[in-house]
file query.tsv (TSV, C-alpha atoms and all ligand atoms)
chain	number	residue	atom	x	y	z
A	28	MET	CA	62.34	88.21	92.15
A	29	ASN	CA	63.55	91.85	91.91
A	30	ARG	CA	66.22	92.51	89.34
A	31	THR	CA	69.60	93.75	90.55
A	32	LEU	CA	71.47	96.77	89.29
A	33	VAL	CA	75.07	97.19	90.40
A	34	LEU	CA	76.58	100.68	90.32
A	35	VAL	CA	80.38	100.42	90.42
A	36	GLY	CA	82.10	103.55	91.76
A	37	GLY	CA	80.66	106.56	93.55
A	38	GLY	CA	81.52	109.01	90.75
A	39	HIS	CA	79.42	111.98	89.64
A	40	ALA	CA	76.88	110.08	87.51
A	41	HIS	CA	76.17	107.44	90.16
A	42	LEU	CA	75.82	110.10	92.84
A	43	PHE	CA	73.05	111.57	90.72
A	44	ALA	CA	71.30	108.18	90.45
A	45	VAL	CA	71.41	107.61	94.21
A	46	ARG	CA	70.16	111.14	94.86
A	47	VAL	CA	67.20	110.58	92.52
A	48	LEU	CA	66.39	107.45	94.50
A	49	LEU	CA	65.88	109.57	97.63
A	50	GLN	CA	62.60	110.63	95.98
A	51	GLU	CA	61.88	107.93	93.45
A	52	LYS	CA	60.60	104.44	94.24
A	53	THR	CA	62.03	101.53	92.24
A	54	ASP	CA	61.40	97.81	91.93
A	55	PHE	CA	65.09	97.04	91.38
A	56	HIS	CA	67.58	96.02	94.03
A	57	ILE	CA	70.35	98.59	93.69
A	58	ILE	CA	73.86	98.12	95.01
A	59	LEU	CA	76.60	100.76	95.00
A	60	ILE	CA	80.17	99.50	95.36
A	61	SER	CA	82.96	102.00	96.06
A	62	PRO	CA	86.25	101.58	97.96
A	63	SER	CA	85.74	104.41	100.42
A	64	ARG	CA	82.73	105.49	102.45
A	65	TYR	CA	83.46	109.00	101.21
A	66	GLN	CA	83.46	110.43	97.71
A	67	TYR	CA	85.65	113.54	97.52
A	68	TYR	CA	84.57	116.32	95.17
A	69	SER	CA	87.46	117.43	92.96
A	70	GLY	CA	85.89	120.82	92.19
A	71	MET	CA	86.74	121.78	95.77
A	72	PHE	CA	90.24	120.23	95.92
A	73	SER	CA	91.92	123.58	95.23
A	74	GLY	CA	89.96	125.23	98.05
A	75	PHE	CA	90.99	122.42	100.41
A	76	ALA	CA	94.64	122.76	99.34
A	77	GLU	CA	94.49	126.47	100.10
A	78	GLY	CA	92.87	125.85	103.49
A	79	LEU	CA	89.54	127.50	102.54
A	80	TYR	CA	87.55	124.29	103.06
A	81	GLY	CA	87.87	121.52	105.63
A	82	GLU	CA	87.80	117.80	104.86
A	83	LYS	CA	84.09	117.43	105.70
A	84	ASP	CA	83.16	120.30	103.36
A	85	ILE	CA	84.50	118.55	100.27
A	86	ARG	CA	83.22	115.00	100.71
A	87	ILE	CA	79.96	113.12	100.35
A	88	ASP	CA	79.10	110.30	102.73
A	89	LEU	CA	78.15	107.51	100.32
A	90	LYS	CA	77.07	105.10	103.06
A	91	ASP	CA	74.67	107.62	104.58
A	92	LEU	CA	73.35	108.70	101.16
A	93	CYS	CA	72.75	105.06	100.16
A	94	GLU	CA	70.99	104.23	103.42
A	95	ARG	CA	68.61	107.16	102.91
A	96	ALA	CA	67.98	106.12	99.29
A	97	ASN	CA	67.40	102.44	100.09
A	98	VAL	CA	70.50	101.44	98.12
A	99	THR	CA	72.82	98.72	99.45
A	100	PHE	CA	76.32	100.15	99.93
A	101	ILE	CA	79.33	97.83	99.72
A	102	GLN	CA	82.58	99.48	100.74
A	103	ASP	CA	84.96	97.64	98.46
A	104	GLN	CA	86.50	97.69	95.02
A	105	VAL	CA	85.33	95.65	92.04
A	106	VAL	CA	88.47	93.79	90.93
A	107	SER	CA	86.95	91.84	88.06
A	108	PHE	CA	83.65	91.13	86.38
A	109	ASN	CA	82.39	88.47	84.07
A	110	PRO	CA	79.74	89.68	81.63
A	111	SER	CA	78.94	86.17	80.39
A	112	VAL	CA	77.68	85.07	83.84
A	113	LYS	CA	76.71	88.61	85.00
A	114	ASN	CA	78.87	88.54	88.08
A	115	ALA	CA	81.27	91.04	89.70
A	116	GLN	CA	84.06	90.15	92.12
A	117	CYS	CA	85.03	92.47	94.96
A	118	GLY	CA	88.52	92.85	96.44
A	119	ARG	CA	87.57	91.28	99.78
A	120	GLY	CA	86.12	88.19	98.12
A	121	GLN	CA	82.42	89.11	97.88
A	122	SER	CA	80.78	88.08	94.63
A	123	VAL	CA	77.80	90.07	93.35
A	124	SER	CA	75.39	88.96	90.63
A	125	PHE	CA	73.57	91.51	88.53
A	126	ASP	CA	71.02	91.96	85.77
A	127	ALA	CA	72.60	95.25	84.73
A	128	ILE	CA	75.85	96.92	85.76
A	129	SER	CA	77.08	100.49	85.40
A	130	PHE	CA	80.64	101.82	85.78
A	131	ASP	CA	81.53	105.31	86.99
A	132	ILE	CA	84.97	104.57	88.39
A	133	GLY	CA	87.03	107.47	87.06
A	134	SER	CA	90.59	106.81	85.92
A	135	GLU	CA	94.12	106.22	87.18
A	136	SER	CA	97.19	108.41	86.85
A	137	GLU	CA	99.59	107.48	84.05
A	138	ILE	CA	102.90	107.12	85.92
A	139	SER	CA	106.06	105.41	84.68
A	140	SER	CA	106.80	102.32	86.77
A	141	SER	CA	110.47	103.36	86.98
A	142	PHE	CA	109.69	106.28	89.28
A	143	GLN	CA	106.20	105.63	90.61
A	144	ASP	CA	107.59	105.05	94.13
A	145	TYR	CA	108.77	108.68	94.27
A	146	VAL	CA	105.59	110.46	93.23
A	147	ILE	CA	102.26	111.20	94.85
A	148	PRO	CA	99.32	110.33	92.60
A	149	ILE	CA	96.09	112.32	92.79
A	150	ARG	CA	94.02	109.16	92.61
A	151	PRO	CA	92.32	107.38	94.30
A	152	ASN	CA	90.51	110.54	95.23
A	153	TYR	CA	89.74	109.48	98.84
A	154	LEU	CA	93.48	109.76	99.60
A	155	PHE	CA	93.65	113.30	98.23
A	156	THR	CA	93.37	115.13	101.54
A	157	VAL	CA	96.18	113.14	103.17
A	158	HIS	CA	98.45	113.54	100.15
A	159	ILE	CA	97.86	117.26	99.73
A	160	GLU	CA	98.32	118.00	103.43
A	161	ASN	CA	101.75	116.37	103.27
A	162	ILE	CA	102.99	117.88	100.04
A	163	LYS	CA	101.88	121.44	100.70
A	164	ARG	CA	103.99	121.45	103.89
A	165	SER	CA	106.95	119.82	102.20
A	166	PRO	CA	110.03	122.12	101.83
A	167	MET	CA	110.37	121.84	98.02
A	168	PRO	CA	107.12	120.68	96.38
A	169	VAL	CA	106.94	119.98	92.67
A	170	VAL	CA	103.78	119.52	90.60
A	171	VAL	CA	104.02	117.72	87.25
A	172	GLY	CA	101.29	118.42	84.68
A	173	ALA	CA	99.78	121.79	83.78
A	174	GLY	CA	96.21	120.94	82.83
A	175	ALA	CA	93.44	122.44	84.95
A	176	ALA	CA	94.18	120.24	87.97
A	177	GLY	CA	97.96	120.88	88.00
A	178	VAL	CA	97.62	124.64	87.59
A	179	GLU	CA	94.91	124.88	90.27
A	180	LEU	CA	96.75	122.79	92.82
A	181	ALA	CA	100.15	124.43	92.28
A	182	LEU	CA	98.65	127.93	92.71
A	183	SER	CA	96.49	126.86	95.67
A	184	MET	CA	99.43	125.29	97.50
A	185	LEU	CA	101.44	128.43	96.81
A	186	ALA	CA	98.64	130.60	98.25
A	187	TRP	CA	98.54	128.40	101.37
A	188	ARG	CA	102.32	128.68	101.80
A	189	LYS	CA	102.21	132.47	101.51
A	190	LYS	CA	99.54	132.63	104.23
A	191	HIS	CA	101.53	130.32	106.49
A	192	ALA	CA	104.88	132.03	106.00
A	193	GLU	CA	106.34	128.95	104.30
A	194	GLN	CA	108.87	129.36	101.48
A	195	LYS	CA	107.10	130.41	98.27
A	196	ASN	CA	108.82	127.77	96.18
A	197	VAL	CA	106.27	125.59	94.43
A	198	THR	CA	107.45	124.42	91.00
A	199	LEU	CA	105.11	123.41	88.18
A	200	ILE	CA	106.59	121.39	85.29
A	201	THR	CA	104.89	120.70	81.98
A	202	SER	CA	106.02	119.20	78.70
A	203	SER	CA	103.85	121.71	76.80
A	204	GLU	CA	102.40	125.07	77.92
A	205	LEU	CA	100.15	125.87	80.86
A	206	LEU	CA	96.49	125.05	80.08
A	207	ARG	CA	97.31	124.25	76.46
A	208	SER	CA	93.91	122.66	75.75
A	209	PHE	CA	92.19	125.93	76.72
A	210	GLY	CA	93.71	127.76	73.73
A	211	PHE	CA	96.60	130.18	73.10
A	212	LEU	CA	95.11	133.29	74.79
A	213	THR	CA	94.09	131.49	77.99
A	214	SER	CA	97.47	129.80	78.10
A	215	LYS	CA	99.23	133.19	77.87
A	216	LYS	CA	96.87	134.64	80.48
A	217	ILE	CA	97.60	131.91	83.02
A	218	GLN	CA	101.35	132.30	82.36
A	219	ARG	CA	101.08	135.97	83.37
A	220	ILE	CA	99.00	135.12	86.43
A	221	ALA	CA	101.48	132.40	87.49
A	222	SER	CA	104.36	134.85	87.07
A	223	LEU	CA	102.60	137.59	89.10
A	224	LYS	CA	101.94	135.07	91.86
A	225	SER	CA	105.60	133.90	91.79
A	226	LEU	CA	104.88	130.33	90.78
A	227	HIS	CA	108.04	128.74	89.43
A	228	VAL	CA	107.00	127.33	86.04
A	229	ILE	CA	109.06	125.08	83.78
A	230	GLU	CA	107.35	124.75	80.39
A	231	GLY	CA	108.29	122.60	77.39
A	232	GLU	CA	110.27	120.04	79.43
A	233	LYS	CA	109.25	116.43	79.80
A	234	VAL	CA	110.04	114.67	83.06
A	235	THR	CA	112.23	111.69	82.21
A	236	ASP	CA	113.20	110.42	85.65
A	237	ILE	CA	112.54	111.01	89.32
A	238	THR	CA	114.60	109.84	92.28
A	239	SER	CA	113.96	110.32	95.99
A	240	SER	CA	115.63	113.76	95.81
A	241	HIS	CA	115.58	115.00	92.19
A	242	VAL	CA	113.36	115.45	89.14
A	243	TYR	CA	115.15	115.16	85.77
A	244	THR	CA	113.84	116.50	82.46
A	245	ASP	CA	114.63	115.89	78.79
A	246	LYS	CA	116.35	119.32	78.64
A	247	GLN	CA	119.02	118.09	81.08
A	248	ASN	CA	117.42	120.07	83.90
A	249	SER	CA	117.66	118.56	87.38
A	250	LEU	CA	115.58	119.94	90.17
A	251	GLU	CA	115.75	119.12	93.85
A	252	HIS	CA	112.42	118.11	95.42
A	253	THR	CA	110.89	116.87	98.66
A	254	GLY	CA	107.64	115.70	97.12
A	255	VAL	CA	106.23	115.37	93.59
A	256	LEU	CA	102.51	115.58	92.90
A	257	TRP	CA	101.79	113.80	89.62
A	258	LEU	CA	98.89	115.26	87.63
A	259	THR	CA	99.32	114.21	84.04
A	260	GLY	CA	97.08	112.16	81.74
A	261	ALA	CA	94.33	109.81	82.75
A	262	LYS	CA	94.80	106.06	82.29
A	263	SER	CA	92.09	103.41	82.31
A	264	PHE	CA	91.85	100.65	84.89
A	265	ASP	CA	92.57	97.17	83.47
A	266	LEU	CA	89.10	95.97	84.48
A	267	PHE	CA	87.44	96.34	81.08
A	268	GLU	CA	90.16	94.72	78.99
A	269	GLU	CA	90.44	91.88	81.48
A	270	ALA	CA	86.68	91.29	81.10
A	271	ASP	CA	87.10	91.20	77.30
A	272	MET	CA	84.83	94.20	76.89
A	273	THR	CA	85.20	96.38	73.81
A	274	THR	CA	87.38	99.34	74.76
A	275	ASP	CA	89.05	102.24	72.98
A	276	ASP	CA	92.80	102.09	72.26
A	277	SER	CA	93.58	103.25	75.81
A	278	GLY	CA	91.44	100.62	77.52
A	279	PHE	CA	88.50	102.86	78.45
A	280	LEU	CA	85.10	101.14	78.18
A	281	LEU	CA	83.59	101.88	74.80
A	282	VAL	CA	79.96	103.00	74.96
A	283	ASN	CA	77.41	104.12	72.39
A	284	ASP	CA	75.38	107.34	72.57
A	285	TYR	CA	73.09	105.63	75.10
A	286	LEU	CA	76.14	105.24	77.39
A	287	GLN	CA	75.76	101.49	76.90
A	288	SER	CA	78.32	98.93	75.82
A	289	PRO	CA	77.67	98.07	72.17
A	290	ASP	CA	78.42	94.38	72.73
A	291	CYS	CA	76.87	93.89	76.20
A	292	PRO	CA	73.59	95.87	76.42
A	293	PHE	CA	73.37	95.30	80.19
A	294	VAL	CA	76.70	97.11	80.76
A	295	PHE	CA	76.57	100.90	81.08
A	296	GLY	CA	79.12	103.55	82.00
A	297	ALA	CA	79.74	107.26	82.41
A	298	GLY	CA	82.43	109.76	83.37
A	299	ASP	CA	86.17	109.40	82.92
A	300	CYS	CA	86.10	105.59	82.62
A	301	VAL	CA	84.23	105.53	79.31
A	302	SER	CA	84.96	106.51	75.75
A	303	ILE	CA	81.95	107.41	73.61
A	304	LYS	CA	82.19	105.67	70.24
A	305	THR	CA	81.00	108.72	68.29
A	306	ASN	CA	82.96	111.27	70.35
A	307	ARG	CA	86.20	109.70	71.54
A	308	SER	CA	88.00	112.98	72.17
A	309	LEU	CA	85.48	114.26	74.71
A	310	PRO	CA	87.51	115.75	77.57
A	311	LYS	CA	87.62	113.73	80.77
A	312	ASN	CA	86.23	116.02	83.43
A	313	GLY	CA	83.53	116.27	86.04
A	314	VAL	CA	81.39	118.54	83.86
A	315	TYR	CA	80.75	115.81	81.29
A	316	ALA	CA	80.28	113.17	84.00
A	317	VAL	CA	77.55	115.36	85.54
A	318	ARG	CA	75.94	116.00	82.12
A	319	GLN	CA	75.86	112.27	81.43
A	320	ALA	CA	74.22	111.48	84.77
A	321	PRO	CA	70.51	111.95	83.94
A	322	VAL	CA	70.90	110.22	80.55
A	323	LEU	CA	72.71	107.28	82.16
A	324	TRP	CA	70.14	106.86	84.91
A	325	GLY	CA	67.19	107.27	82.53
A	326	ASN	CA	68.62	104.71	80.10
A	327	ILE	CA	69.43	102.11	82.76
A	328	LYS	CA	65.83	102.27	83.96
A	329	LYS	CA	64.51	102.12	80.41
A	330	TYR	CA	66.74	99.15	79.64
A	331	LEU	CA	65.51	97.27	82.72
A	332	ASN	CA	61.91	98.19	81.88
A	333	GLU	CA	62.44	97.30	78.20
A	334	ARG	CA	61.66	100.79	76.90
A	335	GLY	CA	63.40	103.01	74.29
A	336	MET	CA	66.49	104.94	75.39
A	337	GLU	CA	67.73	108.53	75.08
A	338	VAL	CA	71.01	109.58	73.43
A	339	PHE	CA	73.69	111.64	75.21
A	340	LYS	CA	74.50	114.80	73.23
A	341	PRO	CA	77.57	116.55	74.69
A	342	GLN	CA	77.72	120.32	74.39
A	343	ASN	CA	80.80	121.66	72.53
A	344	LYS	CA	81.75	124.29	75.08
A	345	TYR	CA	81.51	124.26	78.82
A	346	VAL	CA	82.29	126.59	81.71
A	347	ALA	CA	85.37	125.72	83.75
A	348	ILE	CA	86.42	127.93	86.65
A	349	LEU	CA	89.95	127.37	87.90
A	350	SER	CA	91.00	128.69	91.26
A	351	THR	CA	94.29	130.61	91.10
A	352	GLY	CA	94.66	131.15	94.85
A	353	ASN	CA	93.79	133.97	97.22
A	354	LYS	CA	90.08	133.76	96.30
A	355	GLU	CA	90.73	134.61	92.65
A	356	ALA	CA	89.83	132.38	89.71
A	357	LEU	CA	90.06	132.07	85.97
A	358	PHE	CA	86.60	131.77	84.39
A	359	THR	CA	86.77	129.98	81.03
A	360	TYR	CA	84.16	129.19	78.40
A	361	GLY	CA	85.60	127.60	75.28
A	362	ARG	CA	88.56	129.83	74.31
A	363	PHE	CA	87.24	132.83	76.28
A	364	SER	CA	88.68	133.48	79.76
A	365	VAL	CA	88.66	136.19	82.39
A	366	HIS	CA	90.51	136.36	85.72
A	367	SER	CA	88.78	137.91	88.73
A	368	ARG	CA	87.60	137.63	92.32
A	369	LEU	CA	84.03	137.40	91.04
A	370	ALA	CA	84.94	134.20	89.19
A	371	TRP	CA	86.09	132.64	92.47
A	372	LYS	CA	82.85	133.67	94.18
A	373	LEU	CA	80.89	132.05	91.36
A	374	LYS	CA	82.98	128.87	91.66
A	375	HIS	CA	82.44	128.84	95.43
A	376	LEU	CA	78.65	129.18	94.91
A	377	ILE	CA	78.44	126.48	92.21
A	378	ASP	CA	80.61	123.98	94.10
A	379	GLY	CA	78.79	124.63	97.38
A	380	LYS	CA	75.43	124.10	95.67
A	381	PHE	CA	76.65	120.85	94.08
A	382	ILE	CA	77.92	119.29	97.29
A	383	ARG	CA	74.93	120.38	99.41
A	384	LYS	CA	72.65	118.33	97.15
A	385	PHE	CA	74.14	115.16	98.64
A	386	LYS	CA	74.37	116.17	102.29
B	1	LIG	C1	92.67	118.65	91.45
B	1	LIG	C2	91.58	118.36	90.48
B	1	LIG	C3	90.64	119.33	90.23
B	1	LIG	C4	89.63	119.10	89.32
B	1	LIG	N1	88.71	120.07	89.13
B	1	LIG	C5	87.72	119.86	88.25
B	1	LIG	C6	86.74	120.86	88.05
B	1	LIG	O1	86.76	121.92	88.68
B	1	LIG	N2	85.76	120.61	87.14
B	1	LIG	C7	85.72	119.44	86.44
B	1	LIG	O2	84.81	119.28	85.63
B	1	LIG	N3	86.63	118.47	86.60
B	1	LIG	C8	87.63	118.64	87.49
B	1	LIG	N4	88.57	117.66	87.68
B	1	LIG	C9	88.46	116.38	86.94
B	1	LIG	C10	87.48	115.48	87.67
B	1	LIG	O3	87.94	115.22	88.96
B	1	LIG	C11	87.28	114.13	87.02
B	1	LIG	O4	87.19	114.26	85.65
B	1	LIG	C12	85.99	113.55	87.58
B	1	LIG	O5	86.13	113.33	88.97
B	1	LIG	C13	85.60	112.27	86.92
B	1	LIG	O6	84.40	111.88	87.51
B	1	LIG	P1	83.92	110.40	87.45
B	1	LIG	O7	82.47	110.44	87.81
B	1	LIG	O8	84.28	109.79	86.16
B	1	LIG	O9	84.75	109.59	88.55
B	1	LIG	P2	85.40	109.99	89.92
B	1	LIG	O10	84.91	111.28	90.43
B	1	LIG	O11	86.87	109.81	89.73
B	1	LIG	O12	84.86	108.86	90.89
B	1	LIG	C14	85.13	107.50	90.68
B	1	LIG	C15	84.82	106.72	91.93
B	1	LIG	O13	84.91	105.32	91.64
B	1	LIG	C16	85.71	104.68	92.63
B	1	LIG	N5	86.35	103.50	92.03
B	1	LIG	C17	87.49	103.45	91.30
B	1	LIG	N6	87.75	102.18	90.93
B	1	LIG	C18	86.76	101.41	91.44
B	1	LIG	C19	86.47	100.01	91.41
B	1	LIG	N7	87.26	99.15	90.75
B	1	LIG	N8	85.39	99.56	92.08
B	1	LIG	C20	84.57	100.42	92.74
B	1	LIG	N9	84.79	101.76	92.79
B	1	LIG	C21	85.87	102.24	92.15
B	1	LIG	C22	86.71	105.75	93.05
B	1	LIG	O14	87.28	105.49	94.29
B	1	LIG	C23	85.80	106.98	93.07
B	1	LIG	O15	85.10	107.02	94.29
B	1	LIG	C24	89.59	117.87	88.61
B	1	LIG	C25	90.53	116.88	88.85
B	1	LIG	C26	91.51	117.12	89.79
B	1	LIG	C27	92.52	116.04	90.03

call {"tool": "encode", "arguments": {"input": "query.tsv", "output": "structure tokens", "more": "lines below"}}
Ligand SMILES: Cc1cc2nc3c(=O)[nH]c(=O)nc-3n(C[C@H](O)[C@H](O)[C@H](O)COP(=O)(O)OP(=O)(O)OC[C@H]3O[C@@H](n4cnc5c(N)ncnc54)[C@H](O)[C@@H]3O)c2cc1C
result
Amino acid sequence: MNRTLVLVGGGHAHLFAVRVLLQEKTDFHIILISPSRYQYYSGMFSGFAEGLYGEKDIRIDLKDLCERANVTFIQDQVVSFNPSVKNAQCGRGQSVSFDAISFDIGSESEISSSFQDYVIPIRPNYLFTVHIENIKRSPMPVVVGAGAAGVELALSMLAWRKKHAEQKNVTLITSSELLRSFGFLTSKKIQRIASLKSLHVIEGEKVTDITSSHVYTDKQNSLEHTGVLWLTGAKSFDLFEEADMTTDDSGFLLVNDYLQSPDCPFVFGAGDCVSIKTNRSLPKNGVYAVRQAPVLWGNIKKYLNERGMEVFKPQNKYVAILSTGNKEALFTYGRFSVHSRLAWKLKHLIDGKFIRKFK
């Protein structure tokens, strides 16, 4: 009987595997399980927020892709899995047995339970378009978190509001500085850009409470709002701890350099949901998920065919291009950054090329 491989989540690395299967024949029965028929591509979220792309431009039809690749698509969520009997349980009751399983399920937003009812999370990503459409039209939108995603979305919403003669009053709050992980110079550069574009920025203040009408910070600041988009740190799903898998301190699935669980060799993972044992501080972003994709897919096949595997070697620096609105972008590579229209054109080309691969 054919062996079964279950791919949990339609994230970047699993998209790559399914795309390879459009050309490659395999003896395995492959199942992809993801809660939505569509996988939304976060690289184009800022362009959608600004109104430069429509909903269909930024999403991949997983069901269609799977059908073409001879992969069984189950539109559901894996709610638990039991490595000792090699079985995964879906939210609607379906139980799926496997010989090997791979996770590329991303992460959740870390939101305090005391105010989670008053904020809009960015995840799950298939709800992004609905959420962003609502908040960008809201009279007093607030974005919390000034990493790449927060900065991009605050500036993109602002650009959309300027074009649509809405009030130019988007506020971005961060407990540190804008784009702190990109280094001092880039952080200063984005501060100047934000100021030139009239983004209201509150730096160095931690949000302590949110009610239906106000955001409160640890510096006794209170700010009226009509919608709060929450874009701070990534949190792991409980799935791995509940399955008694080895995880890092934050509950992300621990994997070795082969992107394989050290205690269950038939469990693999990539993207935001894993923590690499030898490189735990690797940033959680789409770039690394994409880089891991060919190694993950190659190693799963080698594992199932009982052949030697390849290690994942992350590069130290990577290119990140952040849209700043009005078809301008900040190109960054390590600590280097430059702001221009050309950077946006490059981003548009790269993102368009990425998404067309799956259409
Ligand atoms: C606004 C914004 C802009 C960004 N821009 C960039 C950028 O330009 N470049 C970049 O590198 N990174 C960017 N990021 C970060 C990037 O989105 C994530 O790091 C990346 O998506 C992680 O990819 P992934 O493959 O791990 O999982 P994801 O892309 O998050 O996909 C995971 C999939 O698994 C599904 N899933 C979740 N739980 C389950 C379950 N239990 N069972 C089955 N399926 C499940 C999800 O619904 C989803 O379809 C951005 C993030 C945001 C929010």

call {"tool": "residues_near_ligand", "arguments": {"input": "query.tsv", "ligand": "ligand LIG 1 (chain B)", "cutoff": "8 Å", "atoms": "all atoms listed in the file", "output": "VMD selection string"}}
result
chain A and resid 35 to 41 60 to 63 65 to 73 103 to 107 117 131 to 134 149 to 153 175 to 177 179 to 180 258 264 266 297 to 300 311 to 317 347 to 349

call {"tool": "write_last_selection", "arguments": {"input": "query.tsv", "atoms": "C-alpha atoms", "output": "PDB file, in the frame of the given file"}}
result
ATOM      1  CA  VAL A  35      80.380 100.420  90.420  1.00  0.00           C
ATOM      2  CA  GLY A  36      82.100 103.550  91.760  1.00  0.00           C
ATOM      3  CA  GLY A  37      80.660 106.560  93.550  1.00  0.00           C
ATOM      4  CA  GLY A  38      81.520 109.010  90.750  1.00  0.00           C
ATOM      5  CA  HIS A  39      79.420 111.980  89.640  1.00  0.00           C
ATOM      6  CA  ALA A  40      76.880 110.080  87.510  1.00  0.00           C
ATOM      7  CA  HIS A  41      76.170 107.440  90.160  1.00  0.00           C
ATOM      8  CA  ILE A  60      80.170  99.500  95.360  1.00  0.00           C
ATOM      9  CA  SER A  61      82.960 102.000  96.060  1.00  0.00           C
ATOM     10  CA  PRO A  62      86.250 101.580  97.960  1.00  0.00           C
ATOM     11  CA  SER A  63      85.740 104.410 100.420  1.00  0.00           C
ATOM     12  CA  TYR A  65      83.460 109.000 101.210  1.00  0.00           C
ATOM     13  CA  GLN A  66      83.460 110.430  97.710  1.00  0.00           C
ATOM     14  CA  TYR A  67      85.650 113.540  97.520  1.00  0.00           C
ATOM     15  CA  TYR A  68      84.570 116.320  95.170  1.00  0.00           C
ATOM     16  CA  SER A  69      87.460 117.430  92.960  1.00  0.00           C
ATOM     17  CA  GLY A  70      85.890 120.820  92.190  1.00  0.00           C
ATOM     18  CA  MET A  71      86.740 121.780  95.770  1.00  0.00           C
ATOM     19  CA  PHE A  72      90.240 120.230  95.920  1.00  0.00           C
ATOM     20  CA  SER A  73      91.920 123.580  95.230  1.00  0.00           C
ATOM     21  CA  ASP A 103      84.960  97.640  98.460  1.00  0.00           C
ATOM     22  CA  GLN A 104      86.500  97.690  95.020  1.00  0.00           C
ATOM     23  CA  VAL A 105      85.330  95.650  92.040  1.00  0.00           C
ATOM     24  CA  VAL A 106      88.470  93.790  90.930  1.00  0.00           C
ATOM     25  CA  SER A 107      86.950  91.840  88.060  1.00  0.00           C
ATOM     26  CA  CYS A 117      85.030  92.470  94.960  1.00  0.00           C
ATOM     27  CA  ASP A 131      81.530 105.310  86.990  1.00  0.00           C
ATOM     28  CA  ILE A 132      84.970 104.570  88.390  1.00  0.00           C
ATOM     29  CA  GLY A 133      87.030 107.470  87.060  1.00  0.00           C
ATOM     30  CA  SER A 134      90.590 106.810  85.920  1.00  0.00           C
ATOM     31  CA  ILE A 149      96.090 112.320  92.790  1.00  0.00           C
ATOM     32  CA  ARG A 150      94.020 109.160  92.610  1.00  0.00           C
ATOM     33  CA  PRO A 151      92.320 107.380  94.300  1.00  0.00           C
ATOM     34  CA  ASN A 152      90.510 110.540  95.230  1.00  0.00           C
ATOM     35  CA  TYR A 153      89.740 109.480  98.840  1.00  0.00           C
ATOM     36  CA  ALA A 175      93.440 122.440  84.950  1.00  0.00           C
ATOM     37  CA  ALA A 176      94.180 120.240  87.970  1.00  0.00           C
ATOM     38  CA  GLY A 177      97.960 120.880  88.000  1.00  0.00           C
ATOM     39  CA  GLU A 179      94.910 124.880  90.270  1.00  0.00           C
ATOM     40  CA  LEU A 180      96.750 122.790  92.820  1.00  0.00           C
ATOM     41  CA  LEU A 258      98.890 115.260  87.630  1.00  0.00           C
ATOM     42  CA  PHE A 264      91.850 100.650  84.890  1.00  0.00           C
ATOM     43  CA  LEU A 266      89.100  95.970  84.480  1.00  0.00           C
ATOM     44  CA  ALA A 297      79.740 107.260  82.410  1.00  0.00           C
ATOM     45  CA  GLY A 298      82.430 109.760  83.370  1.00  0.00           C
ATOM     46  CA  ASP A 299      86.170 109.400  82.920  1.00  0.00           C
ATOM     47  CA  CYS A 300      86.100 105.590  82.620  1.00  0.00           C
ATOM     48  CA  LYS A 311      87.620 113.730  80.770  1.00  0.00           C
ATOM     49  CA  ASN A 312      86.230 116.020  83.430  1.00  0.00           C
ATOM     50  CA  GLY A 313      83.530 116.270  86.040  1.00  0.00           C
ATOM     51  CA  VAL A 314      81.390 118.540  83.860  1.00  0.00           C
ATOM     52  CA  TYR A 315      80.750 115.810  81.290  1.00  0.00           C
ATOM     53  CA  ALA A 316      80.280 113.170  84.000  1.00  0.00           C
ATOM     54  CA  VAL A 317      77.550 115.360  85.540  1.00  0.00           C
ATOM     55  CA  ALA A 347      85.370 125.720  83.750  1.00  0.00           C
ATOM     56  CA  ILE A 348      86.420 127.930  86.650  1.00  0.00           C
ATOM     57  CA  LEU A 349      89.950 127.370  87.900  1.00  0.00           C
TER      58      LEU A 349
END

call {"tool": "residues_around", "arguments": {"input": "query.tsv", "residues": "Phe211 of chain A", "least_positions_apart": "6", "cutoff": "10 Å", "atoms": "all atoms listed in the file", "output": "ChimeraX atom specification"}}
result
/A:204-205,362

call {"tool": "residues_near_point", "arguments": {"input": "query.tsv", "point": "(110.6, 110.7, 87.9)", "cutoff": "7 Å", "atoms": "only C-alpha atoms", "output": "list in words"}}
result
Phe142, Tyr145, Val234, Thr235, Asp236, Ile237, Thr238, Val242 and Tyr243 of chain A

call {"tool": "closest_residue", "arguments": {"input": "query.tsv", "among": "A:Ala320, A:Val294, A:Met272, A:Ile377", "to": "Arg46 of chain A", "atoms": "all atoms listed in the file"}}
result
A:Ala320

call {"tool": "closest_atom_pairs", "arguments": {"input": "query.tsv", "of": "segment 121-162 of chain A", "to": "segment 80-88 of chain A", "cutoff": "10 Å", "atoms": "all atoms listed in the file", "output": "CSV"}}
result
residue,atom,partner,partner_atom,distance
A:Tyr153,CA,A:Arg86,CA,8.7
A:Phe155,CA,A:Glu82,CA,9.9
A:Thr156,CA,A:Glu82,CA,7.0
A:Val157,CA,A:Glu82,CA,9.7

call {"tool": "write_last_selection", "arguments": {"input": "query.tsv", "atoms": "C-alpha atoms", "output": "PDB file, keeping the file's coordinate frame"}}
result
ATOM      1  CA  TYR A 153      89.740 109.480  98.840  1.00  0.00           C
ATOM      2  CA  PHE A 155      93.650 113.300  98.230  1.00  0.00           C
ATOM      3  CA  THR A 156      93.370 115.130 101.540  1.00  0.00           C
ATOM      4  CA  VAL A 157      96.180 113.140 103.170  1.00  0.00           C
TER       5      VAL A 157
END

call {"tool": "closest_residue", "arguments": {"input": "query.tsv", "among": "A:Ser263, A:Ser202, A:Thr274, A:Lys90", "to": "Lys246 of chain A", "atoms": "all atoms listed in the file"}}
result
A:Ser202
